[in-house]
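Read through the structure below, which is laid out as C-alpha cells, and then see the notes.
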Amino acid sequence: MKYTYQYRIYPETSQKLTLNNWLRICRYWYNRMLGERFNWWEQNRCPINACPLISHLPQLKDKPNYYNQTKQLPELKKAIVEVKHSGEHLDFSQVYSTVLQDVCKRVEATFCRFLAGDSKGNRSGKPRFKSQFRYRSLTFSNADDSWLKFSSINSKWLYISIPKTGLIKVRTHRIIPDGAKIKQISLTKKTDGWWINLSLEDKSIPEFKTDKIQPTWENSIGLDAVLDKDIYLATSQGNKLPSLKPLRTNQDKLTKVSQRKNKRKDGSKARRKARKTRRENSSKNS
C-alpha cells in the first residue's frame with residue numbers, strides 16, 4: 001500500500017535561499033520546455049477546414065519529448081544561463097539532477113493531457129506558464145530511508161538529509177509506521193513556510209479495492225444539507241452538525257485587511273506583506 005505523510009520543516013536561512021533559488025531555476029526550465037513544445041505545436045499543424053491561398057511549408061522539427069529535452073541538461077550545467085527578459089544568471093549545476101528531471105516529467109504529462117486528453121477523451125485546457133505563485137514544489141524521485149536522520153529529543157524531531165542542502169529539521173506530529181519505506185520526497189513552499197511530503201510504501205498492508213465492497217443499509221450513511229438556524233448537516237442516524245460559519249464571522253476583519261492592502265503601492269514590500277496576511281486569514285477561515 002502506498003500513502004503520503006506531510007510534515008512541517010524548518011530550514012535555516014541559508015537553506016531557504018538555496019531552495020528558493022532551486023525553485024527559480026526549475027520554474028525557468030519548466031517555462032522554457034513548455035515554450036519549445038508550443039513552438040513545435042504551432043509550426044507543425046495546419047487547420048483542416050481552411051487553407052490559405054499563399055503559404056510556405058516550414059522545415060519540420062522533431063517533436064520535443066522527455067528524452068530529447070532531458071539531454072539538454074548536461075549542456076546547460078556547463079555554463080551560466082542568462083534569462084533574456086530579466087537579465088538573471090542561473091546556474092543549473094546547483095540544482096540536484098533528479099529535481100530537474102522531474103520538471104521534464106511534469107511538462108511531458110501536462111502537454112500530453114493537452115494534446116491527447118484523458119482515458120475518456122476529455123482534453124484539458126492549454127497549459128499555462130508558471131509564475132512564482134504557481135510553481136512551489138521540488139520533487140526527489142530517488143529518495144530512500146537513508147535520507148532520514150532520527151533525533152532522540154522528545155521523539156518529536158527528525159532531520160531530512162537533502163542533497164546539496166544539508167540536514168533540515170522536520171516536525172513529526174505523527175510517527176512514521178514501522179515497515180514503511182520512503183519512495184519519494186517532495187518539498188513544498190506555502191504561505192506559512194516549507195512542508196515535506198513523504199511518499200511511503202508498506203507491502204505488509206494489502207491494497208484497498210473498493211469494487212469488493214457492496215453498499216448495504218449497515219455500512220451506508222445518509223447525509224442531508226439543512227438550511228435551518230445554525231444546523232448545516234444532518235445524518236440518517238439522527239446526528240445534527242452545527243455550522244461554524246468562519247467566513248461570515250470574520251468577513252469584517254478580511255475586508256479591513258483587503259482595504260489596507262489596496263492602499264499600499266503596487267510592488268512595494270508593504271503590499272506584499274499585507275497580501276500575505278490576507279492569504280493567511282483566508283486559509284484559516286476556509
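Labels used: A, B, ... for chains in the order of the C-alpha cells, numbers from 1 for residues in each chain, and numbers from 1 for ligands as shown.
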DSSP on the backbone: what in stretch 28-126 of chain A comes out alpha helix (DSSP H), as number ranges by chain?
A: 28-43, 66-70, 73-76, 97-116
With N, CA and C atoms retained, export the selected residues as a CSV table (one decimal), in the first residue's frame.
chain,number,residue,atom,x,y,z
A,28,TYR,N,12.1,28.4,-14.4
A,28,TYR,CA,12.6,28.8,-15.7
A,28,TYR,C,12.7,27.6,-16.7
A,29,TRP,N,13.2,26.5,-16.2
A,29,TRP,CA,13.3,25.3,-17.0
A,29,TRP,C,12.0,24.8,-17.4
A,30,TYR,N,11.0,24.8,-16.6
A,30,TYR,CA,9.6,24.4,-16.9
A,30,TYR,C,9.0,25.3,-18.1
A,31,ASN,N,9.1,26.6,-17.9
A,31,ASN,CA,8.6,27.5,-18.9
A,31,ASN,C,9.4,27.4,-20.2
A,32,ARG,N,10.6,27.2,-20.2
A,32,ARG,CA,11.4,27.0,-21.4
A,32,ARG,C,11.0,25.8,-22.2
A,33,MET,N,10.9,24.7,-21.5
A,33,MET,CA,10.5,23.5,-22.2
A,33,MET,C,9.1,23.6,-22.7
A,34,LEU,N,8.2,24.2,-21.9
A,34,LEU,CA,6.8,24.4,-22.4
A,34,LEU,C,6.8,25.3,-23.6
A,35,GLY,N,7.6,26.3,-23.7
A,35,GLY,CA,7.7,27.2,-24.8
A,35,GLY,C,8.2,26.4,-26.1
A,36,GLU,N,9.1,25.5,-25.9
A,36,GLU,CA,9.6,24.7,-27.0
A,36,GLU,C,8.5,23.8,-27.6
A,37,ARG,N,7.7,23.3,-26.7
A,37,ARG,CA,6.6,22.4,-27.2
A,37,ARG,C,5.5,23.3,-27.9
A,38,PHE,N,5.2,24.5,-27.4
A,38,PHE,CA,4.3,25.3,-28.1
A,38,PHE,C,4.7,25.7,-29.5
A,39,ASN,N,6.0,26.1,-29.6
A,39,ASN,CA,6.6,26.4,-30.9
A,39,ASN,C,6.5,25.3,-31.9
A,40,TRP,N,6.8,24.1,-31.4
A,40,TRP,CA,6.6,22.9,-32.3
A,40,TRP,C,5.2,22.7,-32.7
A,41,TRP,N,4.3,22.9,-31.7
A,41,TRP,CA,2.9,22.6,-32.0
A,41,TRP,C,2.3,23.7,-33.0
A,42,GLU,N,2.7,24.9,-32.9
A,42,GLU,CA,2.3,26.0,-33.8
A,42,GLU,C,2.8,25.8,-35.2
A,43,GLN,N,4.1,25.3,-35.3
A,43,GLN,CA,4.8,25.3,-36.6
A,43,GLN,C,4.5,23.9,-37.4
A,66,TYR,N,10.3,13.9,-23.5
A,66,TYR,CA,11.0,13.9,-22.3
A,66,TYR,C,12.5,13.6,-22.5
A,67,TYR,N,12.9,12.7,-23.4
A,67,TYR,CA,14.2,12.3,-23.6
A,67,TYR,C,15.1,13.4,-24.3
A,68,ASN,N,14.6,14.0,-25.4
A,68,ASN,CA,15.5,15.0,-26.0
A,68,ASN,C,15.6,16.3,-25.2
A,69,GLN,N,14.6,16.6,-24.4
A,69,GLN,CA,14.7,17.7,-23.5
A,69,GLN,C,15.6,17.5,-22.3
A,70,THR,N,15.6,16.3,-21.8
A,70,THR,CA,16.5,15.9,-20.7
A,70,THR,C,17.9,16.0,-21.2
A,73,LEU,N,20.1,19.1,-20.4
A,73,LEU,CA,20.6,19.5,-19.1
A,73,LEU,C,22.1,19.4,-18.9
A,74,PRO,N,22.9,18.4,-19.5
A,74,PRO,CA,24.3,18.4,-19.3
A,74,PRO,C,25.0,19.7,-19.9
A,75,GLU,N,24.4,20.1,-21.1
A,75,GLU,CA,25.0,21.3,-21.7
A,75,GLU,C,24.7,22.6,-20.9
A,76,LEU,N,23.5,22.6,-20.3
A,76,LEU,CA,23.1,23.8,-19.5
A,76,LEU,C,23.9,23.9,-18.2
A,97,SER,N,20.1,16.8,-9.7
A,97,SER,CA,19.8,16.3,-11.0
A,97,SER,C,18.4,15.8,-11.1
A,98,THR,N,18.0,15.0,-10.1
A,98,THR,CA,16.6,14.3,-10.2
A,98,THR,C,15.5,15.4,-10.1
A,99,VAL,N,15.8,16.5,-9.5
A,99,VAL,CA,14.8,17.6,-9.4
A,99,VAL,C,14.5,18.1,-10.8
A,100,LEU,N,15.6,18.4,-11.6
A,100,LEU,CA,15.4,18.9,-12.9
A,100,LEU,C,14.8,17.9,-13.8
A,101,GLN,N,15.1,16.6,-13.6
A,101,GLN,CA,14.5,15.5,-14.4
A,101,GLN,C,13.0,15.4,-14.1
A,102,ASP,N,12.6,15.7,-12.9
A,102,ASP,CA,11.2,15.6,-12.6
A,102,ASP,C,10.4,16.8,-13.2
A,103,VAL,N,11.1,17.9,-13.4
A,103,VAL,CA,10.4,19.0,-14.1
A,103,VAL,C,10.1,18.6,-15.6
A,104,CYS,N,11.0,17.8,-16.2
A,104,CYS,CA,10.7,17.3,-17.5
A,104,CYS,C,9.5,16.4,-17.6
A,105,LYS,N,9.4,15.6,-16.5
A,105,LYS,CA,8.2,14.7,-16.4
A,105,LYS,C,6.9,15.5,-16.3
A,106,ARG,N,7.0,16.6,-15.5
A,106,ARG,CA,5.8,17.4,-15.4
A,106,ARG,C,5.3,18.0,-16.7
A,107,VAL,N,6.3,18.6,-17.5
A,107,VAL,CA,5.9,19.1,-18.8
A,107,VAL,C,5.4,18.1,-19.7
A,108,GLU,N,6.0,16.9,-19.7
A,108,GLU,CA,5.6,15.8,-20.6
A,108,GLU,C,4.2,15.4,-20.2
A,109,ALA,N,3.8,15.2,-19.0
A,109,ALA,CA,2.5,14.9,-18.6
A,109,ALA,C,1.5,15.9,-18.9
A,110,THR,N,1.8,17.2,-18.6
A,110,THR,CA,0.9,18.3,-18.9
A,110,THR,C,0.6,18.5,-20.4
A,111,PHE,N,1.6,18.4,-21.2
A,111,PHE,CA,1.4,18.6,-22.6
A,111,PHE,C,0.7,17.4,-23.3
A,112,CYS,N,0.9,16.2,-22.8
A,112,CYS,CA,0.2,15.0,-23.3
A,112,CYS,C,-1.3,15.1,-23.0
A,113,ARG,N,-1.6,15.6,-21.8
A,113,ARG,CA,-3.0,15.7,-21.4
A,113,ARG,C,-3.7,16.8,-22.3
A,114,PHE,N,-2.9,17.8,-22.7
A,114,PHE,CA,-3.5,18.8,-23.6
A,114,PHE,C,-3.7,18.3,-25.0
A,115,LEU,N,-2.8,17.5,-25.5
A,115,LEU,CA,-3.0,17.0,-26.9
A,115,LEU,C,-3.9,15.8,-27.0
A,116,ALA,N,-3.7,14.8,-26.2
A,116,ALA,CA,-4.4,13.6,-26.3
A,116,ALA,C,-5.6,13.5,-25.4
Considering only C-alpha atoms, return as a PyMOL selection string whatever protein or nucleic-acid residues lie within 8 Å of A:Leu200, sequence-local ones (same chain, fewer than 5 positions apart) excluded.
chain A and resi 2-5+180-184
Any chance you could export the current selection's N, CA and C atoms as a CSV table (one decimal), in the first residue's frame?
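Wrote it out as out.csv, contents follow:
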chain,number,residue,atom,x,y,z
A,2,LYS,N,0.5,2.2,-0.8
A,2,LYS,CA,1.2,3.5,-0.8
A,2,LYS,C,0.4,4.6,-0.3
A,3,TYR,N,1.0,5.5,0.5
A,3,TYR,CA,0.3,6.6,1.1
A,3,TYR,C,1.4,7.7,1.4
A,4,THR,N,0.9,8.9,1.7
A,4,THR,CA,1.7,10.1,1.9
A,4,THR,C,1.5,10.7,3.2
A,5,TYR,N,2.6,11.1,3.9
A,5,TYR,CA,2.6,11.8,5.1
A,5,TYR,C,3.2,13.2,4.9
A,180,ALA,N,7.4,0.9,6.8
A,180,ALA,CA,7.2,1.8,5.7
A,180,ALA,C,8.5,2.3,5.1
A,181,LYS,N,8.6,2.2,3.8
A,181,LYS,CA,9.8,2.7,3.1
A,181,LYS,C,9.5,3.9,2.3
A,182,ILE,N,10.5,4.8,2.3
A,182,ILE,CA,10.3,6.1,1.5
A,182,ILE,C,10.6,5.8,0.0
A,183,LYS,N,9.7,6.2,-0.8
A,183,LYS,CA,9.8,6.1,-2.2
A,183,LYS,C,10.1,7.4,-2.9
A,184,GLN,N,9.6,8.5,-2.3
A,184,GLN,CA,9.7,9.8,-3.0
A,184,GLN,C,9.6,10.9,-1.9
Would you pick out the contacts of stretch 257-266 of chain A at 10 Å or less, using only C-alpha atoms, so that residues sharing its chain but fewer than 5 positions from it are not included, and give the list as a list in words?
Gln251, Asp252, Arg271, Arg272, Lys273, Ala274, Arg275, Lys276, Thr277, Arg278, Arg279 and Asn281 of chain A
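Nearest to A:Ser14 of all the residues A:Thr165, A:Gln214, A:Ser243, A:Asn65 is A:Thr165, based on only C-alpha atoms.
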Non-local contacts of A:Pro11 (9 Å; only C-alpha atoms; under 5 positions in same chain excluded) as a ChimeraX atom specification
/A:16,167-170,194
Who sits within 12 Å of A:Thr235, only C-alpha atoms, same chain under 5 positions skipped, as a list in words:
Ser220, Ile221, Gly222, Leu223, Asp224, Ala225, Val226, Lys240 and Leu241 of chain A
Hey, what's within 9 Å of A:Asn21 if we count only C-alpha atoms and toss same-chain stuff fewer than 4 positions away? As JSON, numbers by chain, please?
{"A": [16, 17, 25, 26, 90, 94, 95]}
Export of the given selection (all heavy atoms) as a PDB file, in the first residue's frame:
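out_3.pdb was written with the following content:
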ATOM      1  N   LYS A  16      16.938  28.135   3.071  1.00  0.00           N
ATOM      2  CA  LYS A  16      15.796  28.748   2.390  1.00  0.00           C
ATOM      3  C   LYS A  16      16.232  29.447   1.109  1.00  0.00           C
ATOM      4  O   LYS A  16      15.554  29.358   0.082  1.00  0.00           O
ATOM      5  CB  LYS A  16      15.106  29.744   3.322  1.00  0.00           C
ATOM      6  CG  LYS A  16      14.350  29.111   4.480  1.00  0.00           C
ATOM      7  CD  LYS A  16      13.693  30.189   5.325  1.00  0.00           C
ATOM      8  CE  LYS A  16      12.956  29.568   6.509  1.00  0.00           C
ATOM      9  NZ  LYS A  16      12.318  30.623   7.363  1.00  0.00           N
ATOM     10  N   LEU A  17      17.372  30.137   1.168  1.00  0.00           N
ATOM     11  CA  LEU A  17      17.874  30.804  -0.022  1.00  0.00           C
ATOM     12  C   LEU A  17      18.206  29.798  -1.114  1.00  0.00           C
ATOM     13  O   LEU A  17      17.944  30.038  -2.306  1.00  0.00           O
ATOM     14  CB  LEU A  17      19.108  31.642   0.330  1.00  0.00           C
ATOM     15  CG  LEU A  17      18.879  32.824   1.282  1.00  0.00           C
ATOM     16  CD1 LEU A  17      20.196  33.495   1.631  1.00  0.00           C
ATOM     17  CD2 LEU A  17      17.918  33.833   0.668  1.00  0.00           C
ATOM     18  N   ILE A  25      15.125  28.329 -10.697  1.00  0.00           N
ATOM     19  CA  ILE A  25      15.726  27.625 -11.833  1.00  0.00           C
ATOM     20  C   ILE A  25      14.745  26.609 -12.414  1.00  0.00           C
ATOM     21  O   ILE A  25      14.599  26.512 -13.642  1.00  0.00           O
ATOM     22  CB  ILE A  25      17.034  26.947 -11.397  1.00  0.00           C
ATOM     23  CG1 ILE A  25      18.059  28.003 -10.977  1.00  0.00           C
ATOM     24  CG2 ILE A  25      17.590  26.078 -12.514  1.00  0.00           C
ATOM     25  CD1 ILE A  25      19.343  27.426 -10.425  1.00  0.00           C
ATOM     26  N   CYS A  26      14.045  25.871 -11.570  1.00  0.00           N
ATOM     27  CA  CYS A  26      13.081  24.878 -12.054  1.00  0.00           C
ATOM     28  C   CYS A  26      11.915  25.554 -12.773  1.00  0.00           C
ATOM     29  O   CYS A  26      11.409  25.027 -13.774  1.00  0.00           O
ATOM     30  CB  CYS A  26      12.559  24.035 -10.890  1.00  0.00           C
ATOM     31  SG  CYS A  26      13.780  22.918 -10.175  1.00  0.00           S
ATOM     32  N   LEU A  90      21.423  32.135 -14.134  1.00  0.00           N
ATOM     33  CA  LEU A  90      21.040  30.917 -13.426  1.00  0.00           C
ATOM     34  C   LEU A  90      22.099  29.854 -13.618  1.00  0.00           C
ATOM     35  O   LEU A  90      22.575  29.634 -14.747  1.00  0.00           O
ATOM     36  CB  LEU A  90      19.680  30.405 -13.928  1.00  0.00           C
ATOM     37  CG  LEU A  90      18.516  31.412 -13.899  1.00  0.00           C
ATOM     38  CD1 LEU A  90      17.257  30.780 -14.452  1.00  0.00           C
ATOM     39  CD2 LEU A  90      18.298  31.920 -12.485  1.00  0.00           C
ATOM     40  N   GLN A  94      23.798  23.931  -9.694  1.00  0.00           N
ATOM     41  CA  GLN A  94      23.498  23.994  -8.271  1.00  0.00           C
ATOM     42  C   GLN A  94      22.312  23.107  -7.885  1.00  0.00           C
ATOM     43  O   GLN A  94      22.169  22.757  -6.721  1.00  0.00           O
ATOM     44  CB  GLN A  94      23.210  25.437  -7.861  1.00  0.00           C
ATOM     45  CG  GLN A  94      24.383  26.388  -8.038  1.00  0.00           C
ATOM     46  CD  GLN A  94      24.031  27.810  -7.644  1.00  0.00           C
ATOM     47  OE1 GLN A  94      22.889  28.117  -7.315  1.00  0.00           O
ATOM     48  NE2 GLN A  94      25.020  28.703  -7.678  1.00  0.00           N
ATOM     49  N   VAL A  95      21.452  22.777  -8.834  1.00  0.00           N
ATOM     50  CA  VAL A  95      20.236  22.028  -8.548  1.00  0.00           C
ATOM     51  C   VAL A  95      20.521  20.540  -8.664  1.00  0.00           C
ATOM     52  O   VAL A  95      21.260  20.094  -9.563  1.00  0.00           O
ATOM     53  CB  VAL A  95      19.095  22.433  -9.512  1.00  0.00           C
ATOM     54  CG1 VAL A  95      17.787  21.762  -9.109  1.00  0.00           C
ATOM     55  CG2 VAL A  95      18.936  23.942  -9.523  1.00  0.00           C
TER      56      VAL A  95
END
Enumerate the residues of stretch 70-146 of chain A with a DSSP assignment of strand (DSSP E or B), computed from the backbone, and present them as a compact mmCIF listing (two decimals) with all heavy atoms, in the first residue's frame.
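result_20.txt, written as the output of this step:
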# COMPACT_ATOMS: atom_id res chain seq x y z
N VAL A 81 23.39 30.26 -17.43
CA VAL A 81 22.30 30.58 -18.35
C VAL A 81 21.77 31.96 -18.03
O VAL A 81 21.46 32.26 -16.87
CB VAL A 81 21.17 29.53 -18.26
CG1 VAL A 81 20.02 29.89 -19.19
CG2 VAL A 81 21.70 28.14 -18.57
N GLU A 82 21.66 32.81 -19.04
CA GLU A 82 21.14 34.17 -18.85
C GLU A 82 19.69 34.24 -19.32
O GLU A 82 19.36 33.82 -20.43
CB GLU A 82 21.98 35.18 -19.64
CG GLU A 82 21.50 36.61 -19.45
CD GLU A 82 22.34 37.61 -20.22
OE1 GLU A 82 23.30 37.17 -20.89
OE2 GLU A 82 22.03 38.82 -20.16
N HIS A 89 21.04 35.49 -14.06
CA HIS A 89 22.01 34.46 -14.39
C HIS A 89 21.73 33.25 -13.50
O HIS A 89 21.81 33.36 -12.27
CB HIS A 89 23.44 34.97 -14.20
CG HIS A 89 23.81 36.06 -15.15
ND1 HIS A 89 23.49 37.38 -14.94
CD2 HIS A 89 24.48 36.02 -16.35
CE1 HIS A 89 23.94 38.11 -15.94
NE2 HIS A 89 24.55 37.32 -16.81
N LEU A 90 21.42 32.13 -14.13
CA LEU A 90 21.04 30.92 -13.43
C LEU A 90 22.10 29.85 -13.62
O LEU A 90 22.58 29.63 -14.75
CB LEU A 90 19.68 30.41 -13.93
CG LEU A 90 18.52 31.41 -13.90
CD1 LEU A 90 17.26 30.78 -14.45
CD2 LEU A 90 18.30 31.92 -12.48
N SER A 137 6.97 23.56 -5.71
CA SER A 137 7.38 22.27 -5.15
C SER A 137 8.61 21.73 -5.87
O SER A 137 8.82 21.98 -7.06
CB SER A 137 6.24 21.25 -5.25
OG SER A 137 5.87 21.05 -6.59
N LEU A 138 9.41 20.98 -5.10
CA LEU A 138 10.60 20.29 -5.60
C LEU A 138 10.46 18.81 -5.27
O LEU A 138 10.18 18.46 -4.12
CB LEU A 138 11.87 20.86 -4.97
CG LEU A 138 12.10 22.36 -5.12
CD1 LEU A 138 13.24 22.81 -4.21
CD2 LEU A 138 12.42 22.72 -6.56
N THR A 139 10.65 17.95 -6.26
CA THR A 139 10.43 16.51 -6.09
C THR A 139 11.74 15.76 -6.24
O THR A 139 12.47 15.97 -7.21
CB THR A 139 9.40 15.99 -7.10
OG1 THR A 139 8.18 16.72 -6.95
CG2 THR A 139 9.12 14.50 -6.86
N PHE A 140 12.02 14.87 -5.27
CA PHE A 140 13.20 14.00 -5.30
C PHE A 140 12.69 12.57 -5.48
O PHE A 140 12.21 11.94 -4.53
CB PHE A 140 14.00 14.13 -4.00
CG PHE A 140 14.47 15.53 -3.71
CD1 PHE A 140 13.63 16.46 -3.11
CD2 PHE A 140 15.76 15.91 -4.05
CE1 PHE A 140 14.07 17.74 -2.85
CE2 PHE A 140 16.20 17.21 -3.79
CZ PHE A 140 15.36 18.12 -3.19
